[in-house]
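**Student:** Just one file: protein-v1.cif, with mmCIF, N, CA and C atoms.
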```
data_data
#
loop_
_atom_site.label_atom_id
_atom_site.label_comp_id
_atom_site.auth_asym_id
_atom_site.auth_seq_id
_atom_site.Cartn_x
_atom_site.Cartn_y
_atom_site.Cartn_z
N MET A 15 11.10 -39.09 9.26
CA MET A 15 11.99 -39.68 8.28
C MET A 15 11.16 -40.19 7.12
N ALA A 16 11.57 -39.81 5.96
CA ALA A 16 10.93 -40.33 4.75
C ALA A 16 11.93 -41.19 4.00
N GLN A 17 11.48 -42.34 3.59
CA GLN A 17 12.35 -43.22 2.81
C GLN A 17 11.66 -43.49 1.49
N GLY A 18 12.45 -43.51 0.45
CA GLY A 18 11.88 -43.78 -0.84
C GLY A 18 12.90 -44.37 -1.78
N GLN A 19 12.42 -44.68 -2.93
CA GLN A 19 13.27 -45.20 -4.00
C GLN A 19 13.32 -44.12 -5.06
N GLU A 20 14.49 -43.53 -5.25
CA GLU A 20 14.64 -42.51 -6.27
C GLU A 20 14.87 -43.18 -7.61
N LYS A 21 14.10 -42.77 -8.60
CA LYS A 21 14.28 -43.26 -9.97
C LYS A 21 14.33 -42.02 -10.84
N GLU A 22 15.41 -41.90 -11.59
CA GLU A 22 15.54 -40.70 -12.40
C GLU A 22 16.32 -40.97 -13.67
N ILE A 23 16.13 -40.08 -14.58
CA ILE A 23 16.94 -40.03 -15.79
C ILE A 23 17.37 -38.58 -15.92
N LYS A 24 18.63 -38.38 -16.20
CA LYS A 24 19.14 -37.02 -16.34
C LYS A 24 19.39 -36.76 -17.82
N LEU A 25 18.86 -35.66 -18.27
CA LEU A 25 19.00 -35.29 -19.67
C LEU A 25 19.72 -33.95 -19.77
N LEU A 26 20.55 -33.81 -20.75
CA LEU A 26 21.21 -32.55 -21.04
C LEU A 26 20.52 -31.97 -22.26
N SER A 27 20.09 -30.72 -22.15
CA SER A 27 19.31 -30.14 -23.22
C SER A 27 19.62 -28.65 -23.37
N THR A 28 19.23 -28.12 -24.50
CA THR A 28 19.29 -26.68 -24.73
C THR A 28 17.88 -26.14 -24.57
N LYS A 29 17.75 -24.83 -24.52
CA LYS A 29 16.43 -24.21 -24.43
C LYS A 29 15.58 -24.60 -25.64
N ALA A 30 16.19 -24.59 -26.81
CA ALA A 30 15.48 -24.96 -28.04
C ALA A 30 15.07 -26.44 -27.99
N GLY A 31 15.93 -27.28 -27.46
CA GLY A 31 15.63 -28.70 -27.34
C GLY A 31 14.46 -28.95 -26.40
N ARG A 32 14.40 -28.21 -25.28
CA ARG A 32 13.29 -28.35 -24.34
C ARG A 32 11.98 -27.90 -24.98
N ARG A 33 12.05 -26.79 -25.71
CA ARG A 33 10.86 -26.27 -26.39
C ARG A 33 10.34 -27.32 -27.37
N LYS A 34 11.25 -27.92 -28.13
CA LYS A 34 10.88 -28.95 -29.11
C LYS A 34 10.29 -30.18 -28.40
N PHE A 35 10.89 -30.58 -27.27
CA PHE A 35 10.41 -31.72 -26.51
C PHE A 35 8.95 -31.52 -26.07
N PHE A 36 8.65 -30.33 -25.54
CA PHE A 36 7.30 -30.08 -25.04
C PHE A 36 6.28 -29.86 -26.16
N GLN A 37 6.73 -29.80 -27.39
CA GLN A 37 5.82 -29.72 -28.52
C GLN A 37 5.51 -31.09 -29.12
N LEU A 38 6.20 -32.12 -28.67
CA LEU A 38 5.92 -33.48 -29.16
C LEU A 38 4.51 -33.89 -28.77
N ALA A 39 3.79 -34.54 -29.69
CA ALA A 39 2.40 -34.94 -29.43
C ALA A 39 2.29 -35.81 -28.18
N LEU A 40 3.18 -36.77 -28.02
CA LEU A 40 3.15 -37.67 -26.86
C LEU A 40 3.26 -36.89 -25.56
N VAL A 41 4.11 -35.89 -25.53
CA VAL A 41 4.30 -35.08 -24.32
C VAL A 41 3.11 -34.15 -24.12
N LYS A 42 2.68 -33.48 -25.18
CA LYS A 42 1.58 -32.53 -25.07
C LYS A 42 0.30 -33.18 -24.54
N GLU A 43 0.05 -34.43 -24.92
CA GLU A 43 -1.18 -35.08 -24.47
C GLU A 43 -1.09 -35.54 -23.01
N LYS A 44 0.11 -35.62 -22.45
CA LYS A 44 0.29 -36.08 -21.07
C LYS A 44 0.42 -34.94 -20.07
N VAL A 45 0.82 -33.75 -20.52
CA VAL A 45 1.00 -32.62 -19.62
C VAL A 45 -0.36 -32.04 -19.27
N ILE A 46 -0.60 -31.88 -18.00
CA ILE A 46 -1.87 -31.33 -17.53
C ILE A 46 -1.78 -29.80 -17.59
N PRO A 47 -2.72 -29.16 -18.28
CA PRO A 47 -2.68 -27.69 -18.37
C PRO A 47 -2.66 -27.06 -16.98
N GLY A 48 -1.80 -26.07 -16.80
CA GLY A 48 -1.69 -25.38 -15.52
C GLY A 48 -0.84 -26.09 -14.49
N SER A 49 -0.29 -27.25 -14.84
CA SER A 49 0.48 -28.02 -13.86
C SER A 49 1.94 -27.59 -13.78
N ARG A 50 2.38 -26.80 -14.72
CA ARG A 50 3.78 -26.37 -14.72
C ARG A 50 3.98 -25.30 -13.65
N HIS A 51 5.03 -25.47 -12.85
CA HIS A 51 5.36 -24.47 -11.85
C HIS A 51 6.87 -24.47 -11.60
N THR A 52 7.34 -23.42 -10.98
CA THR A 52 8.76 -23.25 -10.74
C THR A 52 9.05 -23.35 -9.25
N LEU A 53 10.13 -24.03 -8.91
CA LEU A 53 10.57 -24.13 -7.52
C LEU A 53 11.90 -23.41 -7.38
N ASP A 54 12.07 -22.74 -6.26
CA ASP A 54 13.33 -22.10 -5.94
C ASP A 54 14.06 -23.04 -4.98
N LEU A 55 15.11 -23.70 -5.48
CA LEU A 55 15.84 -24.69 -4.68
C LEU A 55 17.21 -24.17 -4.28
N TRP A 56 17.56 -24.39 -3.02
CA TRP A 56 18.90 -24.14 -2.52
C TRP A 56 19.43 -25.49 -2.08
N ASN A 57 20.53 -25.94 -2.67
CA ASN A 57 21.11 -27.24 -2.35
C ASN A 57 22.56 -27.08 -1.92
N GLN A 58 22.94 -27.90 -0.97
CA GLN A 58 24.33 -27.95 -0.54
C GLN A 58 24.68 -29.42 -0.36
N TYR A 59 25.71 -29.88 -1.06
CA TYR A 59 26.14 -31.27 -0.95
C TYR A 59 27.34 -31.32 -0.01
N ARG A 60 27.34 -32.30 0.88
CA ARG A 60 28.38 -32.39 1.91
C ARG A 60 29.10 -33.73 1.82
N ASP A 61 30.34 -33.73 2.24
CA ASP A 61 31.14 -34.95 2.33
C ASP A 61 32.27 -34.69 3.32
N THR A 62 33.01 -35.73 3.66
CA THR A 62 34.18 -35.56 4.52
C THR A 62 35.31 -35.00 3.66
N ARG A 63 36.33 -34.49 4.30
CA ARG A 63 37.48 -33.93 3.56
C ARG A 63 38.11 -34.97 2.63
N ASP A 64 38.09 -36.23 3.07
CA ASP A 64 38.71 -37.28 2.25
C ASP A 64 37.70 -38.02 1.37
N GLY A 65 36.46 -37.51 1.29
CA GLY A 65 35.47 -38.06 0.36
C GLY A 65 34.92 -39.43 0.70
N LYS A 66 34.80 -39.75 1.99
CA LYS A 66 34.31 -41.07 2.40
C LYS A 66 32.92 -41.39 1.84
N LEU A 67 32.02 -40.44 1.89
CA LEU A 67 30.66 -40.71 1.40
C LEU A 67 30.67 -41.01 -0.09
N THR A 68 31.37 -40.18 -0.84
CA THR A 68 31.45 -40.39 -2.29
C THR A 68 32.05 -41.74 -2.62
N ARG A 69 33.13 -42.10 -1.92
CA ARG A 69 33.78 -43.39 -2.19
C ARG A 69 32.88 -44.58 -1.89
N THR A 70 31.93 -44.43 -0.99
CA THR A 70 31.00 -45.53 -0.70
C THR A 70 29.73 -45.44 -1.53
N GLY A 71 29.69 -44.49 -2.47
CA GLY A 71 28.53 -44.38 -3.35
C GLY A 71 27.36 -43.63 -2.75
N MET A 72 27.61 -42.86 -1.69
CA MET A 72 26.54 -42.13 -1.03
C MET A 72 26.64 -40.64 -1.35
N ALA A 73 25.53 -39.94 -1.21
CA ALA A 73 25.49 -38.49 -1.35
C ALA A 73 24.68 -37.93 -0.18
N TYR A 74 25.13 -36.80 0.36
CA TYR A 74 24.45 -36.13 1.48
C TYR A 74 24.13 -34.71 1.02
N ARG A 75 22.82 -34.41 0.99
CA ARG A 75 22.37 -33.10 0.50
C ARG A 75 21.52 -32.41 1.56
N ILE A 76 21.74 -31.12 1.70
CA ILE A 76 20.85 -30.27 2.49
C ILE A 76 20.13 -29.39 1.49
N ARG A 77 18.80 -29.32 1.62
CA ARG A 77 17.99 -28.57 0.64
C ARG A 77 16.99 -27.67 1.36
N ARG A 78 16.73 -26.54 0.72
CA ARG A 78 15.64 -25.65 1.13
C ARG A 78 14.83 -25.37 -0.12
N THR A 79 13.52 -25.57 -0.03
CA THR A 79 12.63 -25.39 -1.17
C THR A 79 11.74 -24.17 -0.96
N ASN A 80 11.76 -23.27 -1.93
CA ASN A 80 10.93 -22.06 -1.89
C ASN A 80 11.10 -21.27 -0.60
N GLY A 81 12.31 -21.24 -0.05
CA GLY A 81 12.60 -20.45 1.14
C GLY A 81 11.98 -20.99 2.41
N LYS A 82 11.45 -22.21 2.38
CA LYS A 82 10.80 -22.78 3.56
C LYS A 82 11.79 -23.65 4.33
N ALA A 83 11.31 -24.65 5.03
CA ALA A 83 12.12 -25.47 5.92
C ALA A 83 13.25 -26.20 5.19
N PHE A 84 14.29 -26.51 5.93
CA PHE A 84 15.42 -27.27 5.42
C PHE A 84 15.16 -28.76 5.60
N GLU A 85 15.83 -29.57 4.78
CA GLU A 85 15.79 -31.02 4.94
C GLU A 85 17.14 -31.59 4.53
N ALA A 86 17.48 -32.73 5.14
CA ALA A 86 18.70 -33.44 4.77
C ALA A 86 18.30 -34.73 4.08
N THR A 87 18.98 -35.07 3.01
CA THR A 87 18.71 -36.30 2.28
C THR A 87 20.01 -37.05 2.08
N VAL A 88 19.97 -38.34 2.39
CA VAL A 88 21.11 -39.21 2.11
C VAL A 88 20.66 -40.18 1.03
N LYS A 89 21.46 -40.24 -0.03
CA LYS A 89 21.17 -41.15 -1.13
C LYS A 89 22.21 -42.26 -1.12
N SER A 90 21.74 -43.48 -1.27
CA SER A 90 22.64 -44.63 -1.25
C SER A 90 23.20 -44.91 -2.63
N GLN A 91 24.16 -45.81 -2.66
CA GLN A 91 24.70 -46.22 -3.95
C GLN A 91 23.59 -46.92 -4.72
N GLY A 92 23.46 -46.60 -5.96
CA GLY A 92 22.39 -47.20 -6.75
C GLY A 92 22.93 -47.90 -7.98
N LYS A 93 22.01 -48.15 -8.88
CA LYS A 93 22.35 -48.80 -10.14
C LYS A 93 21.89 -47.90 -11.28
N THR A 94 22.66 -47.90 -12.36
CA THR A 94 22.25 -47.20 -13.57
C THR A 94 22.23 -48.20 -14.71
N VAL A 95 21.07 -48.28 -15.37
CA VAL A 95 20.91 -49.19 -16.50
C VAL A 95 20.30 -48.39 -17.65
N ASN A 96 21.00 -48.34 -18.76
CA ASN A 96 20.53 -47.64 -19.96
C ASN A 96 20.13 -46.20 -19.68
N GLY A 97 20.91 -45.52 -18.81
CA GLY A 97 20.65 -44.11 -18.52
C GLY A 97 19.65 -43.85 -17.41
N PHE A 98 18.99 -44.87 -16.90
CA PHE A 98 18.04 -44.72 -15.80
C PHE A 98 18.71 -45.15 -14.52
N SER A 99 18.66 -44.29 -13.49
CA SER A 99 19.28 -44.66 -12.22
C SER A 99 18.20 -44.90 -11.17
N SER A 100 18.55 -45.75 -10.22
CA SER A 100 17.63 -46.10 -9.14
C SER A 100 18.45 -46.30 -7.87
N ARG A 101 18.02 -45.66 -6.78
CA ARG A 101 18.70 -45.85 -5.50
C ARG A 101 17.78 -45.43 -4.36
N GLU A 102 18.11 -45.92 -3.16
CA GLU A 102 17.33 -45.56 -1.99
C GLU A 102 17.72 -44.16 -1.54
N GLU A 103 16.75 -43.45 -0.98
CA GLU A 103 17.06 -42.16 -0.39
C GLU A 103 16.25 -41.99 0.89
N TYR A 104 16.85 -41.29 1.84
CA TYR A 104 16.25 -41.06 3.16
C TYR A 104 16.30 -39.56 3.43
N THR A 105 15.20 -39.01 3.93
CA THR A 105 15.11 -37.56 4.17
C THR A 105 14.58 -37.29 5.57
N VAL A 106 15.20 -36.30 6.23
CA VAL A 106 14.73 -35.85 7.54
C VAL A 106 14.64 -34.33 7.52
N PRO A 107 13.68 -33.76 8.26
CA PRO A 107 13.59 -32.30 8.35
C PRO A 107 14.72 -31.75 9.23
N LEU A 108 15.13 -30.53 8.94
CA LEU A 108 16.18 -29.86 9.72
C LEU A 108 15.66 -28.51 10.22
N GLU A 109 16.14 -28.11 11.38
CA GLU A 109 15.82 -26.78 11.91
C GLU A 109 16.67 -25.71 11.22
N LYS A 110 17.92 -26.08 10.91
CA LYS A 110 18.85 -25.15 10.26
C LYS A 110 19.72 -25.96 9.31
N PRO A 111 20.43 -25.30 8.40
CA PRO A 111 21.19 -26.02 7.38
C PRO A 111 22.51 -26.61 7.88
N GLU A 112 22.40 -27.46 8.88
CA GLU A 112 23.57 -28.14 9.43
C GLU A 112 23.34 -29.64 9.36
N PRO A 113 24.35 -30.40 8.94
CA PRO A 113 24.18 -31.85 8.77
C PRO A 113 23.91 -32.56 10.10
N VAL A 114 23.11 -33.61 10.01
CA VAL A 114 22.85 -34.52 11.13
C VAL A 114 23.17 -35.93 10.64
N ILE A 115 23.47 -36.83 11.58
CA ILE A 115 23.76 -38.21 11.18
C ILE A 115 22.84 -39.20 11.87
N GLN A 116 21.72 -38.69 12.41
CA GLN A 116 20.73 -39.56 13.03
C GLN A 116 19.34 -39.15 12.59
N GLY A 117 18.42 -40.12 12.64
CA GLY A 117 17.03 -39.84 12.32
C GLY A 117 16.60 -40.31 10.95
N PHE A 118 17.52 -40.87 10.16
CA PHE A 118 17.18 -41.33 8.81
C PHE A 118 16.51 -42.70 8.87
N ALA A 119 17.25 -43.70 9.23
CA ALA A 119 16.78 -45.08 9.43
C ALA A 119 17.87 -45.75 10.26
N PRO A 120 17.51 -46.66 11.16
CA PRO A 120 18.53 -47.25 12.05
C PRO A 120 19.78 -47.76 11.33
N GLN A 121 19.59 -48.52 10.25
CA GLN A 121 20.76 -49.08 9.56
C GLN A 121 21.59 -47.98 8.89
N LEU A 122 20.96 -46.93 8.40
CA LEU A 122 21.69 -45.83 7.77
C LEU A 122 22.37 -44.97 8.83
N ASP A 123 21.68 -44.71 9.93
CA ASP A 123 22.28 -43.94 11.02
C ASP A 123 23.58 -44.61 11.48
N GLN A 124 23.54 -45.92 11.65
CA GLN A 124 24.72 -46.66 12.10
C GLN A 124 25.84 -46.55 11.06
N LYS A 125 25.50 -46.70 9.80
CA LYS A 125 26.51 -46.61 8.74
C LYS A 125 27.14 -45.22 8.72
N LEU A 126 26.34 -44.18 8.84
CA LEU A 126 26.86 -42.81 8.85
C LEU A 126 27.78 -42.59 10.05
N GLN A 127 27.36 -43.06 11.22
CA GLN A 127 28.19 -42.88 12.41
C GLN A 127 29.52 -43.61 12.27
N THR A 128 29.51 -44.81 11.70
CA THR A 128 30.74 -45.56 11.48
C THR A 128 31.64 -44.85 10.48
N LEU A 129 31.08 -44.41 9.38
CA LEU A 129 31.86 -43.72 8.33
C LEU A 129 32.45 -42.41 8.82
N LEU A 130 31.70 -41.68 9.64
CA LEU A 130 32.08 -40.32 10.00
C LEU A 130 32.81 -40.20 11.33
N GLN A 131 33.17 -41.30 11.94
CA GLN A 131 33.93 -41.24 13.21
C GLN A 131 35.29 -40.65 12.98
#
```
Please express what this file holds, its structure, as structure tokens.

**Tutor:**
Amino acid sequence: MAQGQEKEIKLLSTKAGRRKFFQLALVKEKVIPGSRHTLDLWNQYRDTRDGKLTRTGMAYRIRRTNGKAFEATVKSQGKTVNGFSSREEYTVPLEKPEPVIQGFAPQLDQKLQTLLQ
């Protein structure tokens, strides 16, 4: 089980906008040459038929990266301030792309079991 604090900002951009962004001096001086790479992601978001997870501010994702092993991630309700969001997330490895409700963290496992009964 991996637990972390997700911090992100989501930006909407065009191809031309991204090209312009990466030409900015501030960005160009921070990008390490050769560090750019592409990931092949497969994501599936899950919820109950009546949307219990969404209503409690949670998200459940199953992901496969570059055709390798699967993992399940549960993200908790977070906060967004000035476009920046922050929330806890818990990840466990999966043998196959089927949801599990145990193995994240004791308090989260209990919450999932209660919600999904």

**Student:** Tell me which protein, DNA and RNA residues are within 7 Å of stretch 80-97 of chain A, counting only C-alpha atoms, leaving out same-chain ones fewer than 3 positions away, and put them as a ChimeraX atom specification.

**Tutor:** /A:23,53-55,71-77,100-111,113

**Student:** What does the file look like for those residues with N, CA and C atoms, as a PDB file, in the frame of the given file?

**Tutor:**
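Writing done, so here's out06.pdb:
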```pdb
ATOM      1  N   ILE A  23      16.130 -40.080 -14.580  1.00  0.00           N
ATOM      2  CA  ILE A  23      16.940 -40.030 -15.790  1.00  0.00           C
ATOM      3  C   ILE A  23      17.370 -38.580 -15.920  1.00  0.00           C
ATOM      4  N   LEU A  53      10.130 -24.030  -8.910  1.00  0.00           N
ATOM      5  CA  LEU A  53      10.570 -24.130  -7.520  1.00  0.00           C
ATOM      6  C   LEU A  53      11.900 -23.410  -7.380  1.00  0.00           C
ATOM      7  N   ASP A  54      12.070 -22.740  -6.260  1.00  0.00           N
ATOM      8  CA  ASP A  54      13.330 -22.100  -5.940  1.00  0.00           C
ATOM      9  C   ASP A  54      14.060 -23.040  -4.980  1.00  0.00           C
ATOM     10  N   LEU A  55      15.110 -23.700  -5.480  1.00  0.00           N
ATOM     11  CA  LEU A  55      15.840 -24.690  -4.680  1.00  0.00           C
ATOM     12  C   LEU A  55      17.210 -24.170  -4.280  1.00  0.00           C
ATOM     13  N   GLY A  71      29.690 -44.490  -2.470  1.00  0.00           N
ATOM     14  CA  GLY A  71      28.530 -44.380  -3.350  1.00  0.00           C
ATOM     15  C   GLY A  71      27.360 -43.630  -2.750  1.00  0.00           C
ATOM     16  N   MET A  72      27.610 -42.860  -1.690  1.00  0.00           N
ATOM     17  CA  MET A  72      26.540 -42.130  -1.030  1.00  0.00           C
ATOM     18  C   MET A  72      26.640 -40.640  -1.350  1.00  0.00           C
ATOM     19  N   ALA A  73      25.530 -39.940  -1.210  1.00  0.00           N
ATOM     20  CA  ALA A  73      25.490 -38.490  -1.350  1.00  0.00           C
ATOM     21  C   ALA A  73      24.680 -37.930  -0.180  1.00  0.00           C
ATOM     22  N   TYR A  74      25.130 -36.800   0.360  1.00  0.00           N
ATOM     23  CA  TYR A  74      24.450 -36.130   1.480  1.00  0.00           C
ATOM     24  C   TYR A  74      24.130 -34.710   1.020  1.00  0.00           C
ATOM     25  N   ARG A  75      22.820 -34.410   0.990  1.00  0.00           N
ATOM     26  CA  ARG A  75      22.370 -33.100   0.500  1.00  0.00           C
ATOM     27  C   ARG A  75      21.520 -32.410   1.560  1.00  0.00           C
ATOM     28  N   ILE A  76      21.740 -31.120   1.700  1.00  0.00           N
ATOM     29  CA  ILE A  76      20.850 -30.270   2.490  1.00  0.00           C
ATOM     30  C   ILE A  76      20.130 -29.390   1.490  1.00  0.00           C
ATOM     31  N   ARG A  77      18.800 -29.320   1.620  1.00  0.00           N
ATOM     32  CA  ARG A  77      17.990 -28.570   0.640  1.00  0.00           C
ATOM     33  C   ARG A  77      16.990 -27.670   1.360  1.00  0.00           C
ATOM     34  N   SER A 100      18.550 -45.750 -10.220  1.00  0.00           N
ATOM     35  CA  SER A 100      17.630 -46.100  -9.140  1.00  0.00           C
ATOM     36  C   SER A 100      18.450 -46.300  -7.870  1.00  0.00           C
ATOM     37  N   ARG A 101      18.020 -45.660  -6.780  1.00  0.00           N
ATOM     38  CA  ARG A 101      18.700 -45.850  -5.500  1.00  0.00           C
ATOM     39  C   ARG A 101      17.780 -45.430  -4.360  1.00  0.00           C
ATOM     40  N   GLU A 102      18.110 -45.920  -3.160  1.00  0.00           N
ATOM     41  CA  GLU A 102      17.330 -45.560  -1.990  1.00  0.00           C
ATOM     42  C   GLU A 102      17.720 -44.160  -1.540  1.00  0.00           C
ATOM     43  N   GLU A 103      16.750 -43.450  -0.980  1.00  0.00           N
ATOM     44  CA  GLU A 103      17.060 -42.160  -0.390  1.00  0.00           C
ATOM     45  C   GLU A 103      16.250 -41.990   0.890  1.00  0.00           C
ATOM     46  N   TYR A 104      16.850 -41.290   1.840  1.00  0.00           N
ATOM     47  CA  TYR A 104      16.250 -41.060   3.160  1.00  0.00           C
ATOM     48  C   TYR A 104      16.300 -39.560   3.430  1.00  0.00           C
ATOM     49  N   THR A 105      15.200 -39.010   3.930  1.00  0.00           N
ATOM     50  CA  THR A 105      15.110 -37.560   4.170  1.00  0.00           C
ATOM     51  C   THR A 105      14.580 -37.290   5.570  1.00  0.00           C
ATOM     52  N   VAL A 106      15.200 -36.300   6.230  1.00  0.00           N
ATOM     53  CA  VAL A 106      14.730 -35.850   7.540  1.00  0.00           C
ATOM     54  C   VAL A 106      14.640 -34.330   7.520  1.00  0.00           C
ATOM     55  N   PRO A 107      13.680 -33.760   8.260  1.00  0.00           N
ATOM     56  CA  PRO A 107      13.590 -32.300   8.350  1.00  0.00           C
ATOM     57  C   PRO A 107      14.720 -31.750   9.230  1.00  0.00           C
ATOM     58  N   LEU A 108      15.130 -30.530   8.940  1.00  0.00           N
ATOM     59  CA  LEU A 108      16.180 -29.860   9.720  1.00  0.00           C
ATOM     60  C   LEU A 108      15.660 -28.510  10.220  1.00  0.00           C
ATOM     61  N   GLU A 109      16.140 -28.110  11.380  1.00  0.00           N
ATOM     62  CA  GLU A 109      15.820 -26.780  11.910  1.00  0.00           C
ATOM     63  C   GLU A 109      16.670 -25.710  11.220  1.00  0.00           C
ATOM     64  N   LYS A 110      17.920 -26.080  10.910  1.00  0.00           N
ATOM     65  CA  LYS A 110      18.850 -25.150  10.260  1.00  0.00           C
ATOM     66  C   LYS A 110      19.720 -25.960   9.310  1.00  0.00           C
ATOM     67  N   PRO A 111      20.430 -25.300   8.400  1.00  0.00           N
ATOM     68  CA  PRO A 111      21.190 -26.020   7.380  1.00  0.00           C
ATOM     69  C   PRO A 111      22.510 -26.610   7.880  1.00  0.00           C
ATOM     70  N   PRO A 113      24.350 -30.400   8.940  1.00  0.00           N
ATOM     71  CA  PRO A 113      24.180 -31.850   8.770  1.00  0.00           C
ATOM     72  C   PRO A 113      23.910 -32.560  10.100  1.00  0.00           C
TER      73      PRO A 113
END
```

**Student:** Stretch 44-89 of chain A: which residues are strand (DSSP E) by DSSP, as a PyMOL selection string?

**Tutor:** chain A and resi 55-60+73-79+84-89

**Student:** Select from chain A everything DSSP, run on the backbone, classes as alpha helix (DSSP H), then give the selection as a ChimeraX atom specification.

**Tutor:** /A:29-37,39-44,66-69,120-129

**Student:** For A:Leu130, which of A:Arg32, A:Gln116, A:Gln37, A:Ser27 is the closest residue, counting only C-alpha atoms?

**Tutor:**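 The answer is A:Gln116, which sits nearest to A:Leu130.
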
**Student:** To one decimal in Å, tell me the separation between atom N of A:Lys44 and atom CA of A:Gln17.

**Tutor:** 29.1 Å

**Student:** Which value, in Å to one decimal, gives the distance between atom CA of A:Lys66 and atom C of A:Leu25?

**Tutor:**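 Interatomic distance, atom CA of A:Lys66 to atom C of A:Leu25: 27.5 Å.
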
**Student:** Report the distance between atom CA of A:Asp123 and atom CA of A:Phe98 in Å, rounded to one decimal place.

**Tutor:** 27.2 Å

**Student:** Go ahead and fit an axis-aligned box to every listed atom of stretch 17-33 of chain A plus 8 Å each side, and pass me the centre and edge lengths in Å, one decimal, as AutoDock Vina command-line options.

**Tutor:**
```
--center_x 15.8 --center_y -34.7 --center_z -12.2 --size_x 26.9 --size_y 37.0 --size_z 47.6
```
